[in-house]
Structures are given as structure tokens and as C-alpha cells.
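Next comes final-v9.pdb, with PDB, C-alpha atoms, pLDDT in the B column.
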```
ATOM      1  CA  MET A 466      15.917   4.191  -2.072  1.00 87.00           C
ATOM      2  CA  GLU A 467      12.759   6.248  -2.263  1.00 91.00           C
ATOM      3  CA  CYS A 468       9.475   4.553  -3.073  1.00 91.00           C
ATOM      4  CA  ILE A 469       6.379   6.598  -3.905  1.00 93.00           C
ATOM      5  CA  VAL A 470       3.180   4.748  -3.016  1.00 94.00           C
ATOM      6  CA  HIS A 471       0.087   5.732  -5.023  1.00 95.00           C
ATOM      7  CA  PHE A 472      -3.239   5.142  -3.290  1.00 96.00           C
ATOM      8  CA  GLU A 473      -6.866   6.212  -3.097  1.00 96.00           C
ATOM      9  CA  VAL A 474      -8.700   7.149   0.080  1.00 96.00           C
ATOM     10  CA  VAL A 475     -12.350   6.258  -0.463  1.00 95.00           C
ATOM     11  CA  HIS A 476     -14.893   8.535   1.235  1.00 92.00           C
ATOM     12  CA  ASN A 477     -18.687   8.496   0.942  1.00 91.00           C
ATOM     13  CA  ASP A 478     -18.467  11.268  -1.649  1.00 92.00           C
ATOM     14  CA  GLY A 479     -15.857   9.434  -3.755  1.00 92.00           C
ATOM     15  CA  PRO A 480     -12.146   8.558  -3.884  1.00 94.00           C
ATOM     16  CA  LYS A 481      -9.280  10.974  -3.417  1.00 96.00           C
ATOM     17  CA  LYS A 482      -5.929  10.096  -5.007  1.00 96.00           C
ATOM     18  CA  LEU A 483      -2.887  10.623  -2.796  1.00 96.00           C
ATOM     19  CA  ARG A 484       0.764   9.568  -2.574  1.00 96.00           C
ATOM     20  CA  GLY A 485       3.032   8.527   0.250  1.00 95.00           C
ATOM     21  CA  LEU A 486       6.794   8.183   0.515  1.00 94.00           C
ATOM     22  CA  LEU A 487       8.775   5.255   1.898  1.00 93.00           C
ATOM     23  CA  PHE A 488      12.525   4.779   2.203  1.00 92.00           C
ATOM     24  CA  LEU A 489      13.549   1.181   1.497  1.00 88.00           C
ATOM     25  CA  ASP A 490      16.720  -0.773   0.900  1.00 86.00           C
ATOM     26  CA  LYS A 491      17.679  -1.014  -2.762  1.00 83.00           C
ATOM     27  CA  GLY A 492      15.640  -3.709  -4.491  1.00 77.00           C
ATOM     28  CA  ALA A 493      13.266  -4.099  -1.526  1.00 81.00           C
ATOM     29  CA  SER A 494       9.484  -3.888  -1.744  1.00 81.00           C
ATOM     30  CA  PRO A 495       7.285  -2.371   0.954  1.00 86.00           C
ATOM     31  CA  GLY A 496       5.636  -4.818   3.328  1.00 88.00           C
ATOM     32  CA  GLU A 497       2.509  -4.593   5.440  1.00 91.00           C
ATOM     33  CA  ALA A 498       4.288  -3.009   8.424  1.00 92.00           C
ATOM     34  CA  GLU A 499       5.930  -0.283   6.295  1.00 93.00           C
ATOM     35  CA  LEU A 500       2.648   0.566   4.575  1.00 95.00           C
ATOM     36  CA  VAL A 501       0.649   0.705   7.832  1.00 95.00           C
ATOM     37  CA  GLU A 502       3.356   2.915   9.399  1.00 95.00           C
ATOM     38  CA  MET A 503       3.369   5.231   6.364  1.00 96.00           C
ATOM     39  CA  PHE A 504      -0.411   5.628   6.631  1.00 96.00           C
ATOM     40  CA  LYS A 505      -0.114   6.223  10.385  1.00 95.00           C
ATOM     41  CA  ASP A 506       2.401   9.021   9.727  1.00 95.00           C
ATOM     42  CA  MET A 507      -0.231  10.545   7.421  1.00 95.00           C
ATOM     43  CA  ASN A 508      -2.886  10.337  10.196  1.00 94.00           C
ATOM     44  CA  PHE A 509      -4.648   7.329   8.647  1.00 94.00           C
ATOM     45  CA  ASN A 510      -4.982   4.712  11.389  1.00 94.00           C
ATOM     46  CA  VAL A 511      -5.545   1.540   9.340  1.00 96.00           C
ATOM     47  CA  ARG A 512      -5.301  -2.239   9.304  1.00 94.00           C
ATOM     48  CA  LEU A 513      -4.829  -4.488   6.280  1.00 94.00           C
ATOM     49  CA  GLU A 514      -8.207  -5.890   5.235  1.00 93.00           C
ATOM     50  CA  ASP A 515      -7.498  -7.635   1.912  1.00 91.00           C
ATOM     51  CA  ARG A 516      -3.952  -8.781   1.120  1.00 88.00           C
ATOM     52  CA  GLY A 517      -4.733  -9.728  -2.475  1.00 87.00           C
ATOM     53  CA  LYS A 518      -6.232  -6.364  -3.415  1.00 90.00           C
ATOM     54  CA  LEU A 519      -4.083  -4.264  -1.016  1.00 91.00           C
ATOM     55  CA  ILE A 520      -7.085  -2.722   0.716  1.00 94.00           C
ATOM     56  CA  PHE A 521      -6.752  -1.107   4.135  1.00 96.00           C
ATOM     57  CA  LYS A 522      -9.688  -0.317   6.421  1.00 95.00           C
ATOM     58  CA  PRO A 523      -9.807   2.366   9.131  1.00 95.00           C
ATOM     59  CA  VAL A 524      -9.402   1.258  12.739  1.00 94.00           C
ATOM     60  CA  ASN A 525     -12.005   3.900  13.685  1.00 88.00           C
ATOM     61  CA  PRO A 526     -15.018   3.448  11.370  1.00 83.00           C
ATOM     62  CA  GLY A 527     -16.436   6.661  10.002  1.00 82.00           C
ATOM     63  CA  ASP A 528     -13.134   8.391   9.243  1.00 80.00           C
ATOM     64  CA  PHE A 529     -13.230   7.057   5.658  1.00 93.00           C
ATOM     65  CA  LEU A 530     -14.354   3.839   3.977  1.00 94.00           C
ATOM     66  CA  GLU A 531     -11.045   2.318   2.836  1.00 95.00           C
ATOM     67  CA  ILE A 532      -7.642   2.909   1.297  1.00 96.00           C
ATOM     68  CA  ARG A 533      -6.655   1.134  -1.919  1.00 96.00           C
ATOM     69  CA  ILE A 534      -3.043   0.973  -3.088  1.00 95.00           C
ATOM     70  CA  THR A 535      -2.989   1.535  -6.843  1.00 94.00           C
ATOM     71  CA  GLY A 536       0.751   1.249  -7.483  1.00 91.00           C
ATOM     72  CA  TYR A 537       4.173   2.476  -6.547  1.00 85.00           C
ATOM     73  CA  ASP A 538       7.176   4.073  -8.183  1.00 87.00           C
ATOM     74  CA  ASN A 539      10.723   3.320  -7.095  1.00 80.00           C
ATOM     75  CA  GLY A 540      12.260   5.528  -9.764  1.00 72.00           C
ATOM     76  CA  GLN A 541      13.699   2.630 -11.725  1.00 68.00           C
ATOM     77  CA  GLU A 542      10.891   1.635 -14.083  1.00 55.00           C
ATOM     78  CA  LYS A 543       8.517   3.854 -16.012  1.00 51.00           C
ATOM     79  CA  SER A 544       6.320   1.036 -17.237  1.00 45.00           C
ATOM     80  CA  LYS A 545       2.534   0.855 -17.022  1.00 50.00           C
ATOM     81  CA  ASP A 546       2.803  -2.832 -16.162  1.00 51.00           C
ATOM     82  CA  ASP A 547       2.173  -3.551 -12.474  1.00 61.00           C
ATOM     83  CA  HIS A 548       5.004  -6.032 -11.865  1.00 59.00           C
ATOM     84  CA  ASN A 549       6.033  -4.013  -8.827  1.00 64.00           C
ATOM     85  CA  LEU A 550       2.540  -4.157  -7.352  1.00 66.00           C
ATOM     86  CA  LYS A 551       2.583  -7.940  -7.766  1.00 65.00           C
ATOM     87  CA  SER A 552       5.860  -7.970  -5.842  1.00 67.00           C
ATOM     88  CA  ILE A 553       4.211  -6.073  -2.963  1.00 67.00           C
ATOM     89  CA  VAL A 554       1.392  -8.606  -2.875  1.00 64.00           C
ATOM     90  CA  GLY A 555       3.922 -11.450  -2.871  1.00 65.00           C
ATOM     91  CA  ASN A 556       5.705  -9.929   0.131  1.00 65.00           C
ATOM     92  CA  LEU A 557       2.446  -9.438   2.039  1.00 65.00           C
ATOM     93  CA  LEU A 558       1.253 -13.020   1.610  1.00 63.00           C
ATOM     94  CA  PRO A 559       2.465 -15.563   4.164  1.00 60.00           C
ATOM     95  CA  GLN A 560       5.298 -17.763   2.922  1.00 61.00           C
ATOM     96  CA  LYS A 561       4.462 -21.415   2.301  1.00 61.00           C
ATOM     97  CA  PRO A 562       6.204 -23.845   4.668  1.00 61.00           C
ATOM     98  CA  THR A 563       9.012 -25.818   3.121  1.00 58.00           C
ATOM     99  CA  GLY A 564       8.856 -29.607   2.789  1.00 57.00           C
ATOM    100  CA  LEU A 565      10.495 -32.102   5.097  1.00 55.00           C
TER     101      LEU A 565
END
```

File written out as C-alpha cells:
Amino acid sequence: MECIVHFEVVHNDGPKKLRGLLFLDKGASPGEAELVEMFKDMNFNVRLEDRGKLIFKPVNPGDFLEIRITGYDNGQEKSKDDHNLKSIVGNLLPQKPTGL
């Protein structure tokens, strides 16, 4: 399924809103690797800086200040609620080890 990722590229003179496209399995949410690869395809060489806020920083300082993911659209929901964004965050966070 197609997933449109909404994000802002923050420059010294202000943010610029952009979108990226990912192809995922049905019901899947984008993970860190998919997001970094999408940005790389768009000529943004980044690394994940803040998992909780979904902020990416440039590998080469000076290109831009940061990239912030503001949401995504998988074509299934048209709600303003950011349940999908919370799902992305959940997939990016390391899983807790199970008990004995």
C-alpha cells in the first residue's frame, strides 16, 4: 500500500513542508530504516536524532537544520487524530525484553 509521509525540512530561514512516498505491506507502519531510505532517495542524508518526536538531523551539518515528521496518510483514514503517528513512534522504539 502507498503511504504518504508529511514532513518539514527546517532551514535557517524557516520550515518547508514536503511529502514523501513509501510502499508498505498492508497494515504496516514505516520504520526508521524505511524513513531514512526515503529521505536518502530525496537527497536528504539523515540520521534519526529523536525517536519520540520523529526528528532527523543531517549527516552533513549545514545542509539544513532538521527534518520533522508531522504525519502520514495511508489512504484509509481521513481523521485529524494522530493515531498513525503514534504507531510509527511505537515501531521505532526498541521492544522491551520479555520476562523469564

Just so the selection is clear, what residues does the PyMOL selection byres ((chain A and resi 487-495) around 6) cover here, as an MDAnalysis selection string? chainID A and resid 466:468 486 496 499 553

Point-to-point distance from CA of Asn539 in chain A to CA of Ile469 in chain A, Å rounded to tenths: 6.3 Å

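Pairwise distance (CA of Thr535 in chain A, CA of Glu502 in chain A) equals 17.5 Å.
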
Apply the PyMOL selection byres ((chain A and resi 516-522) around 6) to the structure shown and report the selected residues as a compact mmCIF listing (two decimals) with C-alpha atoms, in the coordinates of the input.
```
# COMPACT_ATOMS: atom_id res chain seq x y z
CA VAL A 511 -5.54 1.54 9.34
CA ARG A 512 -5.30 -2.24 9.30
CA LEU A 513 -4.83 -4.49 6.28
CA GLU A 514 -8.21 -5.89 5.24
CA ASP A 515 -7.50 -7.64 1.91
CA PRO A 523 -9.81 2.37 9.13
CA GLU A 531 -11.04 2.32 2.84
CA ILE A 532 -7.64 2.91 1.30
CA ARG A 533 -6.66 1.13 -1.92
CA ILE A 534 -3.04 0.97 -3.09
```

Residues at most 9 Å from range 482-485 of chain A, counting all atoms listed in the file, excluding those fewer than 3 positions away in the same chain, as a PyMOL selection string? chain A and resi 468-475+503-504+507+537

With distances taken over only C-alpha atoms, the candidate from A:Gly479, A:Asn510, A:Gly540, A:Val501 nearest Pro526 in chain A is A:Asn510

Would you mind listing what lies within 9 Å of Asp528 in chain A as a PyMOL selection string, with only C-alpha atoms counted and same-chain residues fewer than 4 positions away left out? chain A and resi 476+509+523-524

Please write out, as lines of an AutoDock Vina configuration file, where the centre of an axis-aligned box around all listed atoms of range 481-494 of chain A lies and how long its edges are, in Å to one decimal, after adding 5 Å on each side.
```
center_x = 4.2
center_y = 3.4
center_z = -1.4
size_x = 37.0
size_y = 25.1
size_z = 17.2
```

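Considering all atoms listed in the file, the residue among A:Lys505, A:Asn525, A:Leu530, A:Leu500 positioned nearest to Pro480 in chain A is A:Leu530.
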